[in-house]
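Just below is one structure, and these are the notes that go with it.
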Amino acid sequence: HVELEKRLAQFKGVEAAITFQSGFTANLAVIPVLVGKEDVIFSDRLNHASIIDGARLSGAKIIPYEHNDVKSLEEQIKANLSQYRRALIVTDGVFSMDGDLAPLREIVELKHKYGAWLMLDEAHATGLFGERRRGLAEAYDLADRVEIQMGTLGKALGAAGGYICGSRPLIDTLIN
């Protein structure tokens, strides 16, 4: 697993990675570690069920925004952010049911504007988008501006399991 995690981090162009039994368990594991009862999650209405379940497990306030609607996301952030300790924006990169892409550039701008973290589920984007097929974050040249990249090995990569990629402190936090 150590070698796999090193290779995943290299592939995604980040400092570190951690693997899980599946993409579903990766989402269930990471969200509750990052946010809790004093925090808020802004979640696209069409996010995958594993994101929704991970958000529920965290105990954080979950505020959905209209699908792929950056204006709706910003309205929700403006109306609610001041009531919480920290904020996590979570979105799929490619939405599995419709195949549409998240407006990632605009979401990243909002994340920076309001001091939120961003978790990007790249399960359906890895292997398809970007020059090296790293996903939507690479395709839009935003990989260094996305704190948490989640993915699966079971789709384009042809194996089993899930992963989280990001900074060394993020992965150390998840390990501990």
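Scheme for the structure tokens: letters A, B, ... for chains in order shown; per-chain residue numbers from 1; ligand numbers from 1 in order shown.
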
Residues near Leu110 (chain A), cut-off 9 Å, only C-alpha atoms, skip fewer than 4 positions along chain, as a list of chain:residue names |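 With the cut-off at 9 Å, the set is A:Val70, A:Leu73, A:Glu74, A:Ile77, A:Arg105, A:Glu106, A:Tyr114, A:Gly115, A:Ala116.
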
Going by DSSP on the backbone, which bits of region 25-157 of chain A are alpha helix (DSSP H)? Write them as a tab-separated table (two decimals) with C-alpha atoms, in the first residue's frame, please.
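What ended up in result.tsv:
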chain	number	residue	atom	x	y	z
A	25	THR	CA	-15.27	4.42	2.13
A	26	ALA	CA	-12.82	7.18	1.16
A	27	ASN	CA	-15.67	9.72	1.18
A	28	LEU	CA	-17.09	8.27	4.40
A	29	ALA	CA	-13.68	8.53	6.08
A	30	VAL	CA	-12.35	11.91	5.01
A	31	ILE	CA	-15.29	14.27	5.53
A	32	PRO	CA	-15.88	13.50	9.25
A	33	VAL	CA	-12.17	13.97	9.94
A	34	LEU	CA	-12.13	17.45	8.41
A	49	ALA	CA	-24.45	9.26	-2.24
A	50	SER	CA	-21.09	8.53	-0.59
A	51	ILE	CA	-20.41	12.27	-0.29
A	52	ILE	CA	-23.83	12.80	1.26
A	53	ASP	CA	-23.29	9.92	3.70
A	54	GLY	CA	-19.82	11.20	4.67
A	55	ALA	CA	-21.26	14.67	5.23
A	56	ARG	CA	-24.02	13.25	7.44
A	57	LEU	CA	-21.50	11.27	9.50
A	58	SER	CA	-19.49	14.43	10.15
A	70	VAL	CA	-22.18	28.93	-8.74
A	71	LYS	CA	-24.57	31.77	-8.00
A	72	SER	CA	-26.58	29.46	-5.70
A	73	LEU	CA	-23.37	28.32	-4.01
A	74	GLU	CA	-22.25	31.89	-3.35
A	75	GLU	CA	-25.69	32.86	-2.04
A	76	GLN	CA	-25.59	29.95	0.42
A	77	ILE	CA	-22.04	30.82	1.50
A	78	LYS	CA	-22.93	34.49	2.07
A	79	ALA	CA	-26.06	33.61	4.03
A	80	ASN	CA	-24.48	30.96	6.27
A	104	LEU	CA	-14.51	24.03	-11.11
A	105	ARG	CA	-12.81	27.33	-11.97
A	106	GLU	CA	-15.64	29.32	-10.44
A	107	ILE	CA	-15.89	27.06	-7.39
A	108	VAL	CA	-12.16	27.46	-6.75
A	109	GLU	CA	-12.55	31.25	-6.95
A	110	LEU	CA	-15.39	31.16	-4.39
A	111	LYS	CA	-13.36	28.89	-2.15
A	112	HIS	CA	-10.54	31.41	-2.09
A	113	LYS	CA	-12.85	34.40	-1.74
A	114	TYR	CA	-14.55	32.98	1.35
A	136	LEU	CA	-10.69	17.68	-14.03
A	137	ALA	CA	-8.39	19.57	-11.65
A	138	GLU	CA	-5.48	18.91	-14.00
A	139	ALA	CA	-7.52	19.69	-17.11

So which residues of region 53-138 of chain A fall under strand (DSSP E or B) by DSSP, listed as a PyMOL selection string?
-> chain A and resi 61-65+87-92+94+101+117-121

Would you mind reading off the distance between CA of Lys61 (chain A) and CA of Asp39 (chain A), one decimal, in Å?
->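 Here the two named atoms are 6.4 Å from each other.
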
Would you mind reading off the distance between CA of Gly135 (chain A) and CA of Ala17 (chain A), one decimal, in Å?
-> 15.4 Å

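Here CA of Pro64 (chain A) stands at a distance of 5.4 Å from CA of Arg45 (chain A).
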
Selected residue, from A:Leu153, A:Met97, A:Ala123, A:Ala87, that lies nearest to Val35 (chain A) when counting only C-alpha atoms |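 Result for the nearest residue to Val35 (chain A): A:Ala87.
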
So which residues touch Leu88 (chain A) within 6 Å, counting only C-alpha atoms, skipping near sequence neighbours fewer than 5 positions away, as an NGL selection string?
-> :A and (41 or 116-118)

Any chance you could export the current selection's N, CA and C atoms as a PDB file, in the first residue's frame?
ATOM      1  N   ILE A  41     -20.908  22.343   5.531  1.00  0.00           N
ATOM      2  CA  ILE A  41     -20.555  21.736   4.250  1.00  0.00           C
ATOM      3  C   ILE A  41     -21.512  22.287   3.202  1.00  0.00           C
ATOM      4  N   ALA A 116     -12.832  28.938   2.292  1.00  0.00           N
ATOM      5  CA  ALA A 116     -13.310  27.562   2.486  1.00  0.00           C
ATOM      6  C   ALA A 116     -12.280  26.564   1.977  1.00  0.00           C
ATOM      7  N   TRP A 117     -12.463  25.309   2.357  1.00  0.00           N
ATOM      8  CA  TRP A 117     -11.696  24.212   1.768  1.00  0.00           C
ATOM      9  C   TRP A 117     -12.518  23.628   0.631  1.00  0.00           C
ATOM     10  N   LEU A 118     -11.835  22.962  -0.292  1.00  0.00           N
ATOM     11  CA  LEU A 118     -12.529  22.322  -1.402  1.00  0.00           C
ATOM     12  C   LEU A 118     -12.145  20.853  -1.479  1.00  0.00           C
TER      13      LEU A 118
END

Under the rule of at most 12 Å, produce a per-residue listing of region 55-137 of chain A near region 5-16 of chain A: chain, number, name, the closest pair of atoms, and the distance in Å, as JSON lines, using only C-alpha atoms.
{"residue": "A:Glu122", "atom": "CA", "partner": "A:Lys12", "partner_atom": "CA", "distance": 10.6}
{"residue": "A:Thr126", "atom": "CA", "partner": "A:Lys12", "partner_atom": "CA", "distance": 9.3}
{"residue": "A:Gly127", "atom": "CA", "partner": "A:Phe11", "partner_atom": "CA", "distance": 10.8}
{"residue": "A:Gly130", "atom": "CA", "partner": "A:Lys12", "partner_atom": "CA", "distance": 10.7}
{"residue": "A:Glu131", "atom": "CA", "partner": "A:Phe11", "partner_atom": "CA", "distance": 11.7}
{"residue": "A:Arg132", "atom": "CA", "partner": "A:Phe11", "partner_atom": "CA", "distance": 8.3}
{"residue": "A:Arg133", "atom": "CA", "partner": "A:Phe11", "partner_atom": "CA", "distance": 9.1}
{"residue": "A:Arg134", "atom": "CA", "partner": "A:Lys12", "partner_atom": "CA", "distance": 5.7}
{"residue": "A:Gly135", "atom": "CA", "partner": "A:Lys12", "partner_atom": "CA", "distance": 8.3}
{"residue": "A:Leu136", "atom": "CA", "partner": "A:Lys12", "partner_atom": "CA", "distance": 10.9}
{"residue": "A:Ala137", "atom": "CA", "partner": "A:Lys12", "partner_atom": "CA", "distance": 9.3}

Dump of all heavy atoms for the selected residues, as a PDB file, in the first residue's frame:
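Dumped to part34.pdb:
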ATOM      1  N   GLU A 122     -13.048  13.080  -7.864  1.00  0.00           N
ATOM      2  CA  GLU A 122     -12.572  12.870  -9.231  1.00  0.00           C
ATOM      3  C   GLU A 122     -12.821  11.446  -9.727  1.00  0.00           C
ATOM      4  O   GLU A 122     -12.214  11.003 -10.709  1.00  0.00           O
ATOM      5  CB  GLU A 122     -11.062  13.172  -9.304  1.00  0.00           C
ATOM      6  CG  GLU A 122     -10.700  14.627  -9.088  1.00  0.00           C
ATOM      7  CD  GLU A 122     -10.610  15.405 -10.379  1.00  0.00           C
ATOM      8  OE1 GLU A 122     -11.579  15.393 -11.152  1.00  0.00           O
ATOM      9  OE2 GLU A 122      -9.561  16.019 -10.615  1.00  0.00           O
ATOM     10  N   THR A 126     -10.916  11.039 -13.359  1.00  0.00           N
ATOM     11  CA  THR A 126      -9.578  10.470 -13.478  1.00  0.00           C
ATOM     12  C   THR A 126      -9.563   9.442 -14.610  1.00  0.00           C
ATOM     13  O   THR A 126     -10.441   8.601 -14.713  1.00  0.00           O
ATOM     14  CB  THR A 126      -9.145   9.812 -12.150  1.00  0.00           C
ATOM     15  OG1 THR A 126      -9.162  10.815 -11.132  1.00  0.00           O
ATOM     16  CG2 THR A 126      -7.752   9.216 -12.252  1.00  0.00           C
ATOM     17  N   GLY A 127      -8.555   9.555 -15.447  1.00  0.00           N
ATOM     18  CA  GLY A 127      -8.434   8.663 -16.595  1.00  0.00           C
ATOM     19  C   GLY A 127      -9.028   9.244 -17.863  1.00  0.00           C
ATOM     20  O   GLY A 127      -8.780   8.728 -18.951  1.00  0.00           O
ATOM     21  N   GLY A 130      -7.549  15.914 -18.671  1.00  0.00           N
ATOM     22  CA  GLY A 130      -6.199  16.395 -18.406  1.00  0.00           C
ATOM     23  C   GLY A 130      -5.186  15.740 -19.327  1.00  0.00           C
ATOM     24  O   GLY A 130      -5.399  14.642 -19.841  1.00  0.00           O
ATOM     25  N   GLU A 131      -4.096  16.435 -19.519  1.00  0.00           N
ATOM     26  CA  GLU A 131      -3.048  15.940 -20.418  1.00  0.00           C
ATOM     27  C   GLU A 131      -2.524  14.570 -19.989  1.00  0.00           C
ATOM     28  O   GLU A 131      -2.288  13.704 -20.810  1.00  0.00           O
ATOM     29  CB  GLU A 131      -1.900  16.952 -20.458  1.00  0.00           C
ATOM     30  CG  GLU A 131      -0.791  16.583 -21.415  1.00  0.00           C
ATOM     31  CD  GLU A 131       0.306  17.629 -21.474  1.00  0.00           C
ATOM     32  OE1 GLU A 131      -0.007  18.822 -21.315  1.00  0.00           O
ATOM     33  OE2 GLU A 131       1.470  17.240 -21.668  1.00  0.00           O
ATOM     34  N   ARG A 132      -2.363  14.381 -18.678  1.00  0.00           N
ATOM     35  CA  ARG A 132      -1.874  13.098 -18.146  1.00  0.00           C
ATOM     36  C   ARG A 132      -3.009  12.256 -17.576  1.00  0.00           C
ATOM     37  O   ARG A 132      -2.778  11.298 -16.881  1.00  0.00           O
ATOM     38  CB  ARG A 132      -0.800  13.346 -17.096  1.00  0.00           C
ATOM     39  CG  ARG A 132       0.426  14.057 -17.734  1.00  0.00           C
ATOM     40  CD  ARG A 132       1.570  14.231 -16.794  1.00  0.00           C
ATOM     41  NE  ARG A 132       2.102  12.935 -16.417  1.00  0.00           N
ATOM     42  CZ  ARG A 132       2.803  12.724 -15.317  1.00  0.00           C
ATOM     43  NH1 ARG A 132       3.063  13.714 -14.492  1.00  0.00           N
ATOM     44  NH2 ARG A 132       3.254  11.520 -15.032  1.00  0.00           N
ATOM     45  N   ARG A 133      -4.238  12.667 -17.864  1.00  0.00           N
ATOM     46  CA  ARG A 133      -5.455  11.953 -17.434  1.00  0.00           C
ATOM     47  C   ARG A 133      -5.604  11.909 -15.918  1.00  0.00           C
ATOM     48  O   ARG A 133      -6.156  10.986 -15.356  1.00  0.00           O
ATOM     49  CB  ARG A 133      -5.514  10.550 -18.029  1.00  0.00           C
ATOM     50  CG  ARG A 133      -5.450  10.499 -19.541  1.00  0.00           C
ATOM     51  CD  ARG A 133      -6.701  11.114 -20.139  1.00  0.00           C
ATOM     52  NE  ARG A 133      -6.694  10.999 -21.597  1.00  0.00           N
ATOM     53  CZ  ARG A 133      -6.674  12.033 -22.413  1.00  0.00           C
ATOM     54  NH1 ARG A 133      -6.626  13.254 -21.933  1.00  0.00           N
ATOM     55  NH2 ARG A 133      -6.699  11.866 -23.716  1.00  0.00           N
ATOM     56  N   ARG A 134      -5.135  12.966 -15.253  1.00  0.00           N
ATOM     57  CA  ARG A 134      -5.223  13.049 -13.791  1.00  0.00           C
ATOM     58  C   ARG A 134      -6.601  13.476 -13.311  1.00  0.00           C
ATOM     59  O   ARG A 134      -6.906  13.362 -12.139  1.00  0.00           O
ATOM     60  CB  ARG A 134      -4.184  14.034 -13.269  1.00  0.00           C
ATOM     61  CG  ARG A 134      -2.767  13.581 -13.442  1.00  0.00           C
ATOM     62  CD  ARG A 134      -1.816  14.660 -12.980  1.00  0.00           C
ATOM     63  NE  ARG A 134      -0.443  14.211 -13.062  1.00  0.00           N
ATOM     64  CZ  ARG A 134       0.588  15.011 -12.911  1.00  0.00           C
ATOM     65  NH1 ARG A 134       0.409  16.304 -12.658  1.00  0.00           N
ATOM     66  NH2 ARG A 134       1.805  14.536 -13.001  1.00  0.00           N
ATOM     67  N   GLY A 135      -7.411  14.053 -14.190  1.00  0.00           N
ATOM     68  CA  GLY A 135      -8.752  14.465 -13.804  1.00  0.00           C
ATOM     69  C   GLY A 135      -9.059  15.901 -14.167  1.00  0.00           C
ATOM     70  O   GLY A 135      -8.276  16.593 -14.833  1.00  0.00           O
ATOM     71  N   LEU A 136     -10.201  16.352 -13.704  1.00  0.00           N
ATOM     72  CA  LEU A 136     -10.689  17.684 -14.026  1.00  0.00           C
ATOM     73  C   LEU A 136      -9.793  18.782 -13.451  1.00  0.00           C
ATOM     74  O   LEU A 136      -9.571  19.809 -14.099  1.00  0.00           O
ATOM     75  CB  LEU A 136     -12.118  17.836 -13.497  1.00  0.00           C
ATOM     76  CG  LEU A 136     -12.987  18.886 -14.135  1.00  0.00           C
ATOM     77  CD1 LEU A 136     -13.143  18.656 -15.634  1.00  0.00           C
ATOM     78  CD2 LEU A 136     -14.351  18.901 -13.461  1.00  0.00           C
ATOM     79  N   ALA A 137      -9.278  18.567 -12.254  1.00  0.00           N
ATOM     80  CA  ALA A 137      -8.390  19.575 -11.653  1.00  0.00           C
ATOM     81  C   ALA A 137      -7.165  19.804 -12.529  1.00  0.00           C
ATOM     82  O   ALA A 137      -6.736  20.944 -12.717  1.00  0.00           O
ATOM     83  CB  ALA A 137      -7.979  19.148 -10.247  1.00  0.00           C
TER      84      ALA A 137
END

Pick out the residues sitting within 7 Å of Phe42 (chain A), and hand them over as a VMD selection string; count only C-alpha atoms, and ignore anything fewer than 3 positions along from it in its own chain.
-> chain A and resid 62 to 65 88 to 90

Could you tell me which of A:Leu46, A:Val40, A:Met150, A:Glu3 comes closest to Asp98 (chain A) if we count only C-alpha atoms?
-> A:Leu46

Minimum-distance residue to Asn68 (chain A), chosen among A:Ser167, A:Asp100, A:Val2, A:Leu142 (using only C-alpha atoms) = A:Asp100

Test item: residues at most 8 Å from Thr91 (chain A), only C-alpha atoms, excluding those fewer than 6 positions along its chain, as a PyMOL selection string | chain A and resi 43-44+47+102+119-121

Tell me which of A:His124, A:Arg86, A:Arg145, A:Gly59 sits closest to Gly162 (chain A), counting only C-alpha atoms.
-> A:His124
